[in-house]
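Working notes, beginning with the structure itself.
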Amino acid sequence: MATIRHWTNQEIVDLIREVSAAKQVKGDNFFAIRAYDNAADAIEHLSDSVEHLYRQGKLADIPGIGVNLQNHLTNLIETGRSTQFDHDKKGLPAGMFILLTIPGIGPKSAYKLAKEFNLNSPATAITKLKVAAQKGKIATIEGFGDKSQADILNALDQQKPKLTRIRIDRATIAANKLMTYFNTCPDIGELSLMGSIRRRSNTVGDIDLGLTTTKPDMVTHYIKKYPDIIKLVASGSDLVRVNVSGNLQIDIKLVPPESWGSLLQHFTGSKAHNIHLRELALTKGVSLSEYGIKTKGKLKRYSSEQEFYQAIGLPWVPPELREDQGEIEAALKHQLPKLIEAKDIHADFHTHTNYDWISSHDSANYSIQDLLDRALELGYHTIGVGDHNPSLSSYTSAQIIVEVKKRSQTIDHISQDAKYQSLHVFKTLEVDIRPDGALALPDQAFDYLDYVVASVHSSFNQPASQLTHRVIKAISHPKVKIIGHPTGRIIGERSGFNLNWEHIFAACREHSVALEINAHPSRLDIDELTARSAITAGVNLAINTDSHQLSDLDNMPYGLDVARRGWSTPASIINTWAWPKLHQFLVNN
DNA sequence: GCCGTTTTCGGCCCGACTGTTTTCAGTCG
């Protein structure tokens with residue numbers, strides 16, 4: 001049997017853009033073309049893989065994907081290709097599509113060039129185009145001139161490395177450093193992140209930053225002295241674009257104070273949110289743009305986002321919700337959720353230490369005391385002291401029972417210190433869910449633990465039904481209170497495995513088990529869409545750092561981002577609960 | 001092709017820049 005091609009989100013995005021280009025060349029319906037572009041945009045900013053969503057039957061949840069595109073994508077995933085997409089691209093020179101990657105060349109230009117120079121293969125198209133440009137042949141084509149020929153040659157010579165999307169934590173560190181630098185500039189008024197980093201998306205393409213100033217020349221001069229700049233890409237009175245270390249592009253937009261609200265709103269996006277907002281505004285007879293709100297051709301500027309939203313009859317919408325996932329409808333009805341905030345978090349339930357035993361997976365590099373001290377500093381009232389379960393191949397069951405008992409006594413002893421008086425300390429372990437759903441810990445060992453975090457660490461390739469059954473079996477164990485990193489995904493490396501969420505949610509409700517939002521920026525598992533579904537289904541969530549280094553305990557905000565993007569209120573997140581309720585949930589039920 | 005508390009039909013976001021133009025098309029964000 002021939003293997004079926006697997007498609008990453010980026011490959012699907014590129015393919016849909018190629019089909020859109022083909023439709024443009026063929027003169028298809030303008031709005032059908034735009035629908036394809038919208039679909040590509042939506043998939044590009046998805047937090048989950050298309051293939052994963054397909055397996056869960058949730059393709060329709062992607063905004064801008066209707067019945068037709070669902071069918072095409074299904075076809076693509078099931079057979080490795082789409083007959084519709086193939087048909088759309090048929091009859092056009094195959095070499096034209098690779099030209100779309102050259103800045104300044106869009107569908108029409110790509111087609112003209114490919115047709116003129118017989119670019120029938122993607123492999124040779126670029127080289128042949130370059131030769132043609134060098135011979136001065138591009139300038140002679142109608143619609144092209146000397147300047148566009150030179151631009152193409154220049155672009156081909158640049159061959160700059162493609163900027164890929166980077167993890168939110170890396171972008172945040174770079175952004176904070178830059179913000180600190182800006183904070184010492186006397187000519188800057190307001191200063192804020194914009195774009196996907198402000199919406200707290202789990203990956204970002206570039207960093208958008210906005211500021212207000214009445215002295216743009218002074219500020220641009222100041223920006224250019226920023227030590228991390230590798231390349232100054234563009235510099236004007238209202239925009240400075242730089243590349244900094246870490247393959248990261250930063251756009252800095254400068255406006256006078258009276259335009260701050262409109263700028264911030266426009267560049268925070270998302271694109272889908274803004275488009276929906278502008279459509280809504282049109283029904284009220286006004287037109288929105290990055291400059292303000294136009295009524296009968298007359299522009300009014302806005303110095304704050306609140307006023308901007310208010311002007312179209314909406315309450316301010318938290319940036320994390322601005323994905324056109326129902327937030328505008330909710331805002332219209334004044335039913336936006338009161339999102340969980342950092343100050344609501346009082347606990348961390350899934351951690352690791354350097355406790356001295358042979359564990360099944362990596363242990364941490366700090367002590368139990370270090371963990372308790374840090375929990376106090378973070379202002380928590382509750383901390384779960386965890387570790388991976390002892391290695392089954394290194395100990396007998398009898399030994400493991402003794403080891404777990406000994407460890408719990410150690411934790412009890414340490415936590416009795418007067419300085420930890422205000423801290424509730426839970427004795428817990430992260431226990432492997434074995435391929436058959438059994439937990440990797442002897443029955444009697446559970447007696448020495450308050451609760452258990454159960455996680456899948458092996459056999460990720462089982463069919464969804466088997467994985468679901470396996471996780472549900474773990475959920476039904478009386479000591480299991482949290483399922484750790486439920487899908488096992490690693491952002492940019494491994495897509496999560498497939499579970500039947502409805503069954504998982506039902507089991508969680510029945511057994512009072514929480515699903516984890518793993519706050520490590522490489523995991524963020526479950527993602528925001530699943531988190532939102534879980535909450536809607538009445539399932540509680542726990543945000544955990546799964547710390548293996550002391551600094552990992554500071555990752556809680558990244559988990560909070562996921563919770564907020566998943567429309568979480570404090571009530572659904574057990575980290576916000578007061579002690580009696582928490583104790584009842586984790587230990588006494 | 002998508003989508004819905006004014007629509008299951010009839011709409012569909014806004015603006016800047018650039019090059020090749022005699023008033024605009026293509027590209028980009």
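Identifiers in the structure tokens: chain A, B, ... in order shown; residue index from 1 per chain; ligand index from 1 in order shown.
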As number ranges by chain, please: all residues of stretch 21-209 of chain A that backbone DSSP puts in helix (DSSP H, G or I). A: 21-26, 30-44, 50-55, 59-61, 67-79, 83-89, 96-99, 107-116, 122-134, 138-140, 146-158, 168-183, 195-198
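Using only C-alpha atoms (C1' of nucleotides), the residues found no farther than 8 Å from A:Arg565, other than those of its own chain fewer than 5 positions away, are Arg200, Glu320, Leu321 and Glu528 of chain A.
Taking atom CA of A:Glu190 and atom CA of A:Val242 as endpoints, the distance between them is 20.2 Å.
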Each residue of chain A lying at most 9 Å from chain B should get a row with its shortest atom-to-atom pair and the distance in Å to one decimal, counting only C-alpha atoms (C1' of nucleotides); could you produce that, ordered by chain and increasing number, as a Markdown table?
```
| residue | atom | partner | partner_atom | distance |
| --- | --- | --- | --- | --- |
| A:Phe31 | CA | B:DC12 | C1' | 6.9 |
| A:Ala32 | CA | B:DG1 | C1' | 4.5 |
| A:Ile33 | CA | B:DG1 | C1' | 7.6 |
| A:Arg34 | CA | B:DG1 | C1' | 8.1 |
| A:Ala35 | CA | B:DG1 | C1' | 5.3 |
| A:Tyr36 | CA | B:DG1 | C1' | 7.2 |
| A:Gly64 | CA | B:DC2 | C1' | 6.1 |
| A:Ile65 | CA | B:DC2 | C1' | 7.4 |
| A:Gly66 | CA | B:DC2 | C1' | 6.1 |
| A:Val67 | CA | B:DG1 | C1' | 8.9 |
| A:Asn68 | CA | B:DG1 | C1' | 7.2 |
| A:Leu69 | CA | B:DG1 | C1' | 7.9 |
| A:Pro103 | CA | B:DT27 | C1' | 8.7 |
| A:Gly104 | CA | B:DT27 | C1' | 6.0 |
| A:Ile105 | CA | B:DT27 | C1' | 7.2 |
| A:Gly106 | CA | B:DT27 | C1' | 6.2 |
| A:Pro107 | CA | B:DG26 | C1' | 8.8 |
| A:Lys108 | CA | B:DG26 | C1' | 7.5 |
| A:Ser109 | CA | B:DG26 | C1' | 8.1 |
| A:Gly143 | CA | B:DT20 | C1' | 6.4 |
| A:Phe144 | CA | B:DT20 | C1' | 7.3 |
| A:Gly145 | CA | B:DT20 | C1' | 7.4 |
| A:Lys147 | CA | B:DG19 | C1' | 7.5 |
| A:Ser148 | CA | B:DG19 | C1' | 7.3 |
| A:Asn274 | CA | B:DC13 | C1' | 7.8 |
| A:Ile275 | CA | B:DC13 | C1' | 5.2 |
| A:His276 | CA | B:DC13 | C1' | 8.0 |
| A:Leu277 | CA | B:DC13 | C1' | 8.7 |
| A:Arg278 | CA | B:DC13 | C1' | 5.8 |
| A:Glu279 | CA | B:DC13 | C1' | 6.7 |
| A:Ser287 | CA | B:DC14 | C1' | 8.5 |
| A:Leu288 | CA | B:DC14 | C1' | 7.3 |
| A:Ser289 | CA | B:DC14 | C1' | 5.7 |
| A:Glu290 | CA | B:DC14 | C1' | 8.0 |
```
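Picture a line from atom CA of A:Ile230 to atom CA of A:Ala171; it runs 15.9 Å.
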